[in-house]
Every structure is written in C-alpha cells, then in structure tokens.
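Student: Data: final-v3.tsv, TSV, C-alpha atoms.
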chain	number	residue	atom	x	y	z
A	669	MET	CA	4.63	91.90	-22.24
A	670	ILE	CA	1.85	90.10	-24.10
A	671	TYR	CA	-1.59	89.27	-22.71
A	672	LEU	CA	-2.17	85.53	-23.17
A	673	ASP	CA	-5.67	84.27	-23.91
A	674	THR	CA	-6.69	80.67	-23.30
A	675	SER	CA	-7.20	80.02	-27.02
A	676	ALA	CA	-3.48	80.66	-27.50
A	677	ALA	CA	-2.22	79.05	-24.29
A	678	ALA	CA	-4.06	75.82	-25.08
A	679	LYS	CA	-2.09	75.55	-28.32
A	680	ALA	CA	1.06	75.11	-26.24
A	681	LEU	CA	-0.51	71.97	-24.74
A	682	ILE	CA	-2.42	70.53	-27.70
A	683	ASP	CA	-1.06	69.74	-31.15
A	684	GLU	CA	-3.07	71.81	-33.61
A	685	ALA	CA	-2.59	74.61	-36.11
A	686	ASP	CA	-0.23	77.30	-34.79
A	687	SER	CA	0.90	75.19	-31.80
A	688	GLU	CA	4.54	75.40	-32.85
A	689	SER	CA	4.36	79.20	-33.10
A	690	VAL	CA	3.02	79.50	-29.56
A	691	ARG	CA	5.54	77.00	-28.21
A	692	ARG	CA	8.32	78.96	-29.93
A	693	MET	CA	7.22	82.13	-28.14
A	694	PHE	CA	7.45	80.33	-24.81
A	695	ALA	CA	10.84	78.86	-25.76
A	696	GLU	CA	12.12	82.32	-26.73
A	697	GLY	CA	11.18	83.62	-23.27
A	698	THR	CA	8.30	85.87	-24.32
A	699	GLN	CA	6.83	87.43	-21.20
A	700	PHE	CA	3.13	86.70	-20.81
A	701	VAL	CA	0.47	87.94	-18.42
A	702	SER	CA	-3.12	86.75	-18.08
A	703	SER	CA	-6.07	86.58	-15.75
A	704	LYS	CA	-6.25	83.78	-13.20
A	705	LEU	CA	-9.11	82.59	-15.37
A	706	LEU	CA	-6.39	81.13	-17.56
A	707	ALA	CA	-5.57	78.58	-14.86
A	708	VAL	CA	-9.19	77.49	-14.53
A	709	GLU	CA	-9.70	77.26	-18.27
A	710	LEU	CA	-6.45	75.40	-18.98
A	711	HIS	CA	-7.10	72.85	-16.27
A	712	ALA	CA	-10.57	72.29	-17.78
A	713	VAL	CA	-8.99	71.82	-21.22
A	714	ALA	CA	-6.47	69.40	-19.73
A	715	ASP	CA	-9.21	67.38	-18.07
A	716	ARG	CA	-11.15	67.12	-21.34
A	717	GLN	CA	-8.05	66.31	-23.41
A	718	PHE	CA	-6.41	63.95	-20.86
A	719	ILE	CA	-3.37	66.19	-20.48
A	720	ALA	CA	-1.37	65.87	-17.28
A	721	SER	CA	-2.00	68.70	-14.84
A	722	ASP	CA	1.80	68.96	-14.38
A	723	ALA	CA	2.06	70.16	-18.00
A	724	VAL	CA	-0.57	72.81	-17.32
A	725	GLN	CA	1.18	73.96	-14.16
A	726	GLU	CA	4.53	74.13	-15.96
A	727	LEU	CA	2.97	76.47	-18.54
A	728	LEU	CA	1.18	78.54	-15.89
A	729	ASP	CA	4.44	78.99	-13.99
A	730	ARG	CA	5.68	80.98	-17.00
A	731	VAL	CA	2.73	83.40	-17.02
A	732	ALA	CA	2.14	86.27	-14.60
A	733	LEU	CA	-1.45	85.81	-13.39
A	734	VAL	CA	-3.67	88.71	-12.34
A	735	SER	CA	-6.38	88.18	-9.75
A	736	LEU	CA	-10.00	88.99	-10.40
A	737	ASP	CA	-11.67	91.49	-8.11
A	738	ASP	CA	-14.98	93.32	-7.96
A	739	ASP	CA	-13.58	96.29	-9.87
A	740	LEU	CA	-12.49	94.04	-12.72
A	741	LEU	CA	-15.95	92.46	-12.85
A	742	ASP	CA	-17.46	95.94	-13.00
A	743	ASP	CA	-15.00	96.86	-15.78
A	744	ALA	CA	-16.09	93.81	-17.80
A	745	ILE	CA	-19.71	94.97	-17.53
A	746	ALA	CA	-18.88	98.58	-18.38
A	747	LEU	CA	-17.00	97.60	-21.54
A	748	HIS	CA	-20.20	96.27	-23.17
A	749	SER	CA	-17.95	94.07	-25.31
A	750	ARG	CA	-20.65	91.62	-26.47
A	751	LEU	CA	-18.20	88.81	-25.75
A	752	ARG	CA	-18.91	85.58	-23.91
A	753	THR	CA	-18.47	85.88	-20.16
A	754	LEU	CA	-14.93	84.58	-19.73
A	755	ASP	CA	-13.70	86.43	-22.82
A	756	ALA	CA	-15.25	89.63	-21.44
A	757	LEU	CA	-13.27	89.09	-18.24
A	758	HIS	CA	-10.06	88.45	-20.19
A	759	LEU	CA	-10.69	91.64	-22.18
A	760	ALA	CA	-11.30	93.67	-19.02
A	761	THR	CA	-8.04	92.34	-17.56
A	762	ALA	CA	-6.12	93.21	-20.73
A	763	VAL	CA	-7.62	96.70	-20.80
A	764	ARG	CA	-6.64	97.20	-17.17
A	765	LEU	CA	-3.06	96.19	-18.08
A	766	LYS	CA	-2.93	98.43	-21.16
A	767	GLY	CA	0.08	100.35	-19.86
A	768	THR	CA	1.96	97.11	-19.20
A	769	ILE	CA	1.10	95.04	-22.27
A	770	PHE	CA	1.65	95.92	-25.90
A	771	SER	CA	-0.57	93.23	-27.48
A	772	ILE	CA	-2.81	90.23	-26.91
A	773	LEU	CA	-2.11	86.73	-28.18
A	774	THR	CA	-5.43	85.12	-29.02
A	775	PHE	CA	-6.87	82.92	-31.73
A	776	ASP	CA	-10.40	84.07	-30.90
A	777	ASN	CA	-11.40	86.52	-33.63
A	778	GLU	CA	-14.13	88.15	-31.53
A	779	LEU	CA	-11.77	88.76	-28.61
A	780	ALA	CA	-9.07	90.06	-30.97
A	781	ALA	CA	-11.55	92.52	-32.53
A	782	ALA	CA	-12.79	93.69	-29.12
A	783	ALA	CA	-9.20	94.15	-27.92
A	784	SER	CA	-8.40	96.15	-31.04
A	785	ARG	CA	-11.42	98.39	-30.44
A	786	ASN	CA	-9.95	99.05	-27.00
A	787	GLY	CA	-6.50	99.94	-28.31
A	788	ILE	CA	-4.82	96.55	-27.85
A	789	PRO	CA	-3.52	95.00	-31.07
A	790	ALA	CA	-3.39	91.27	-31.63
A	791	ALA	CA	0.07	89.74	-31.43
A	792	ALA	CA	1.21	87.75	-34.42
A	793	PRO	CA	2.48	84.30	-33.46
A	794	ARG	CA	6.10	83.88	-34.51
Written as structure tokens, that's how I'd like the structure from this file.
Tutor:
Amino acid sequence: MIYLDTSAAAKALIDEADSESVRRMFAEGTQFVSSKLLAVELHAVADRQFIASDAVQELLDRVALVSLDDDLLDDAIALHSRLRTLDALHLATAVRLKGTIFSILTFDNELAAAASRNGIPAAAPR
C-alpha cells in the first residue's frame, strides 16, 4: 500500500506534469491510504480549480482514509519535521502506518525528504 499525499492526488484531477503517471497508478488498481486531510485539501483544490466535487469524491472512494486523533496530533509535534502544518500531519499519519505502507507518493520534496528520514521511501510514479 502507498501513502498518498495531496500533491500527488491533485495530479489525478488536474492536467499537469506527471498527471498521467498518477492516473495510471489509479487505473492499475494501486492501493492507496491517506489521512482524512486529503479530502479537505482535495475539495479545496477542486473549489479553486472549478473541478466538480463528484470527481473528487470518485478519487477519494479509491483511497483508504485514516482519521486524525489527538495521538496523531501529538505524533506530528513529536516528529519535529520542520514541515508545514498539514504536511506534518500527513507525515505523522504515514509514520503511524509504517508497517502497512511501503512508500509515499508525493511531489513535495520537503515531505519526501522528511518521510525518507523516517524510513519511508518516496514512490516513483509509473
């Protein structure tokens, strides 16, 4: 299973560099997991980019979403990742899922580096 960051998930909705690679992973049935933050962030992207919320929901239906709780918030603080807030929460979720996931799909270099420092390699888009 691959942890899916918003920077990668958005590429499935917006035509930009690497969009086809991300879409191919979804088409091939790659199993993704992410924080429920993904839903909030993707709906915000959709609102800004005038993308139908149905398209967002269709994508989200293909991702296992993990709830945030107080322990996860504490984990994000304890990691001292130096990331922006939402990225720190994504990282904490990925670290918590380390036994379940084998990589993280992100196009955010800072998040990829922080994940690597925590033993989670970046997935290469296919």
Student: With distances taken over all atoms listed in the file, which of A:Leu705, A:Leu773, A:Ala792, A:Ala712 is nearest to Leu757 of chain A?
Tutor: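 Among the listed residues, A:Leu705 lies closest to Leu757 of chain A.
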Student: Of the candidates A:Leu751, A:Leu765, A:Ala790, A:Met669, which shows the shortest atom-to-atom distance to Glu778 of chain A, using all atoms listed in the file?
Tutor: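 Of A:Leu751, A:Leu765, A:Ala790, A:Met669, the one nearest Glu778 of chain A is A:Leu751, counting all atoms listed in the file.
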Student: Do a neighbour search on segment 725-732 of chain A at 8 Å with all atoms listed in the file, toss out local chain neighbours closer than 5 positions, and write the hits as a PDB file with C-alpha atoms, in the coordinates of the input.
Tutor:
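New file result.pdb:
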ATOM      1  CA  GLN A 699       6.830  87.430 -21.200  1.00  0.00           C
ATOM      2  CA  PHE A 700       3.130  86.700 -20.810  1.00  0.00           C
ATOM      3  CA  VAL A 701       0.470  87.940 -18.420  1.00  0.00           C
ATOM      4  CA  SER A 702      -3.120  86.750 -18.080  1.00  0.00           C
ATOM      5  CA  ALA A 707      -5.570  78.580 -14.860  1.00  0.00           C
TER       6      ALA A 707
END
Student: Applying 12 Å and all atoms listed in the file, which residues near Ile719 of chain A remain after dropping the ones on its own chain fewer than 4 positions away? List them as a count of residues only.
Tutor: 14
Student: To one decimal in Å, tell me the separation between atom CA of Ser749 of chain A and atom CA of Asp686 of chain A.
Tutor: 26.2 Å
Student: Provide the atom CA of Asp742 of chain A to atom CA of Leu779 of chain A distance in Å, to one decimal place.
Tutor: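 Separation between atom CA of Asp742 of chain A and atom CA of Leu779 of chain A: 18.1 Å.
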Student: What's around Leu672 of chain A at 9 Å? Count only C-alpha atoms, leave out sequence neighbours fewer than 2 positions away in its own chain, and write the answer as a list in words.
Tutor: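 Listing them by chain and then by number gives Ile670, Thr674, Ser675, Ala676, Ala677, Phe700, Val701, Ser702, Ser703, Leu706, Val731, His758, Ala762, Ser771, Ile772, Leu773 and Thr774 of chain A.
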Student: Which residues, written as a PyMOL selection string, have at least one atom at most 10 Å from Asp739 of chain A, with all atoms listed in the file counted and residues fewer than 5 positions away on the same chain left out?
Tutor: chain A and resi 744-745+760
Student: Considering all atoms listed in the file, state which residue in the set A:Ala720, A:Ala756, A:Asn777, A:Ser689 is at the smallest distance from Pro789 of chain A.
Tutor: A:Asn777
Student: Would you give the centre and edge lengths, in Å to one decimal, of a box along x, y and z around the listed atoms of segment 777-780 of chain A, with 8 Å added to each side, as lines of an AutoDock Vina configuration file?
Tutor:
center_x = -11.6
center_y = 88.3
center_z = -31.1
size_x = 21.1
size_y = 19.5
size_z = 21.0
Student: So how far away is atom CA of Leu747 of chain A from atom CA of Ala782 of chain A, in Å?
Tutor: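 Spanning atom CA of Ala782 of chain A to atom CA of Leu747 of chain A is a straight-line distance of 9.5 Å.
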Student: Using only C-alpha atoms, which of A:Arg752, A:Arg764, A:Glu684, A:Arg785 sits nearest Val734 of chain A?
Tutor: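 Answer, going by the shortest atom-to-atom distance: A:Arg764.
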Student: Mind rebuilding segment 678-689 of chain A with all heavy atoms and writing that out as a compact mmCIF listing (two decimals), in the frame of the given file?
Tutor:
# COMPACT_ATOMS: atom_id res chain seq x y z
N ALA A 678 -3.71 77.22 -24.86
CA ALA A 678 -4.06 75.82 -25.08
C ALA A 678 -3.25 75.22 -26.22
O ALA A 678 -2.94 74.02 -26.22
CB ALA A 678 -5.55 75.68 -25.35
N LYS A 679 -2.88 76.04 -27.19
CA LYS A 679 -2.09 75.55 -28.32
C LYS A 679 -0.70 75.08 -27.88
O LYS A 679 -0.07 74.28 -28.56
CB LYS A 679 -1.99 76.62 -29.40
CG LYS A 679 -3.30 76.83 -30.11
CD LYS A 679 -3.17 77.82 -31.24
CE LYS A 679 -4.49 78.04 -31.94
NZ LYS A 679 -5.01 76.87 -32.64
N ALA A 680 -0.22 75.58 -26.76
CA ALA A 680 1.06 75.11 -26.24
C ALA A 680 0.95 73.70 -25.66
O ALA A 680 1.94 73.00 -25.55
CB ALA A 680 1.59 76.07 -25.18
N LEU A 681 -0.27 73.29 -25.35
CA LEU A 681 -0.51 71.97 -24.74
C LEU A 681 -1.07 70.94 -25.72
O LEU A 681 -0.93 69.74 -25.49
CB LEU A 681 -1.49 72.12 -23.57
CG LEU A 681 -1.05 73.02 -22.42
CD1 LEU A 681 -2.20 73.23 -21.45
CD2 LEU A 681 0.15 72.42 -21.72
N ILE A 682 -1.73 71.40 -26.76
CA ILE A 682 -2.42 70.53 -27.70
C ILE A 682 -1.83 70.73 -29.08
O ILE A 682 -1.61 71.86 -29.51
CB ILE A 682 -3.93 70.87 -27.75
CG1 ILE A 682 -4.56 70.73 -26.38
CG2 ILE A 682 -4.66 70.00 -28.77
CD1 ILE A 682 -5.95 71.32 -26.28
N ASP A 683 -1.57 69.64 -29.79
CA ASP A 683 -1.06 69.74 -31.15
C ASP A 683 -2.18 70.11 -32.10
O ASP A 683 -3.10 69.32 -32.33
CB ASP A 683 -0.43 68.41 -31.59
CG ASP A 683 0.87 68.12 -30.86
OD1 ASP A 683 1.60 69.09 -30.57
OD2 ASP A 683 1.15 66.95 -30.59
N GLU A 684 -2.11 71.33 -32.62
CA GLU A 684 -3.07 71.81 -33.61
C GLU A 684 -2.42 72.93 -34.39
O GLU A 684 -1.26 73.27 -34.15
CB GLU A 684 -4.37 72.25 -32.94
CG GLU A 684 -4.22 73.29 -31.86
CD GLU A 684 -5.52 73.57 -31.11
OE1 GLU A 684 -6.36 72.68 -30.97
OE2 GLU A 684 -5.67 74.72 -30.65
N ALA A 685 -3.14 73.52 -35.31
CA ALA A 685 -2.59 74.61 -36.11
C ALA A 685 -2.05 75.71 -35.19
O ALA A 685 -2.68 76.05 -34.19
CB ALA A 685 -3.67 75.18 -37.02
N ASP A 686 -0.89 76.20 -35.51
CA ASP A 686 -0.23 77.30 -34.79
C ASP A 686 0.38 76.90 -33.44
O ASP A 686 0.93 77.76 -32.74
CB ASP A 686 -1.15 78.51 -34.61
CG ASP A 686 -1.52 79.14 -35.95
OD1 ASP A 686 -0.59 79.44 -36.73
OD2 ASP A 686 -2.72 79.33 -36.19
N SER A 687 0.31 75.63 -33.08
CA SER A 687 0.90 75.19 -31.80
C SER A 687 2.39 75.48 -31.75
O SER A 687 2.91 75.96 -30.74
CB SER A 687 0.65 73.70 -31.56
OG SER A 687 -0.70 73.46 -31.26
N GLU A 688 3.09 75.19 -32.84
CA GLU A 688 4.54 75.40 -32.85
C GLU A 688 4.89 76.88 -32.67
O GLU A 688 5.88 77.20 -32.01
CB GLU A 688 5.16 74.84 -34.13
CG GLU A 688 5.26 73.32 -34.13
CD GLU A 688 5.96 72.77 -32.90
OE1 GLU A 688 7.05 73.27 -32.53
OE2 GLU A 688 5.42 71.83 -32.28
N SER A 689 4.10 77.77 -33.24
CA SER A 689 4.36 79.20 -33.10
C SER A 689 4.24 79.63 -31.64
O SER A 689 5.08 80.40 -31.14
CB SER A 689 3.38 80.01 -33.94
OG SER A 689 3.55 79.72 -35.30
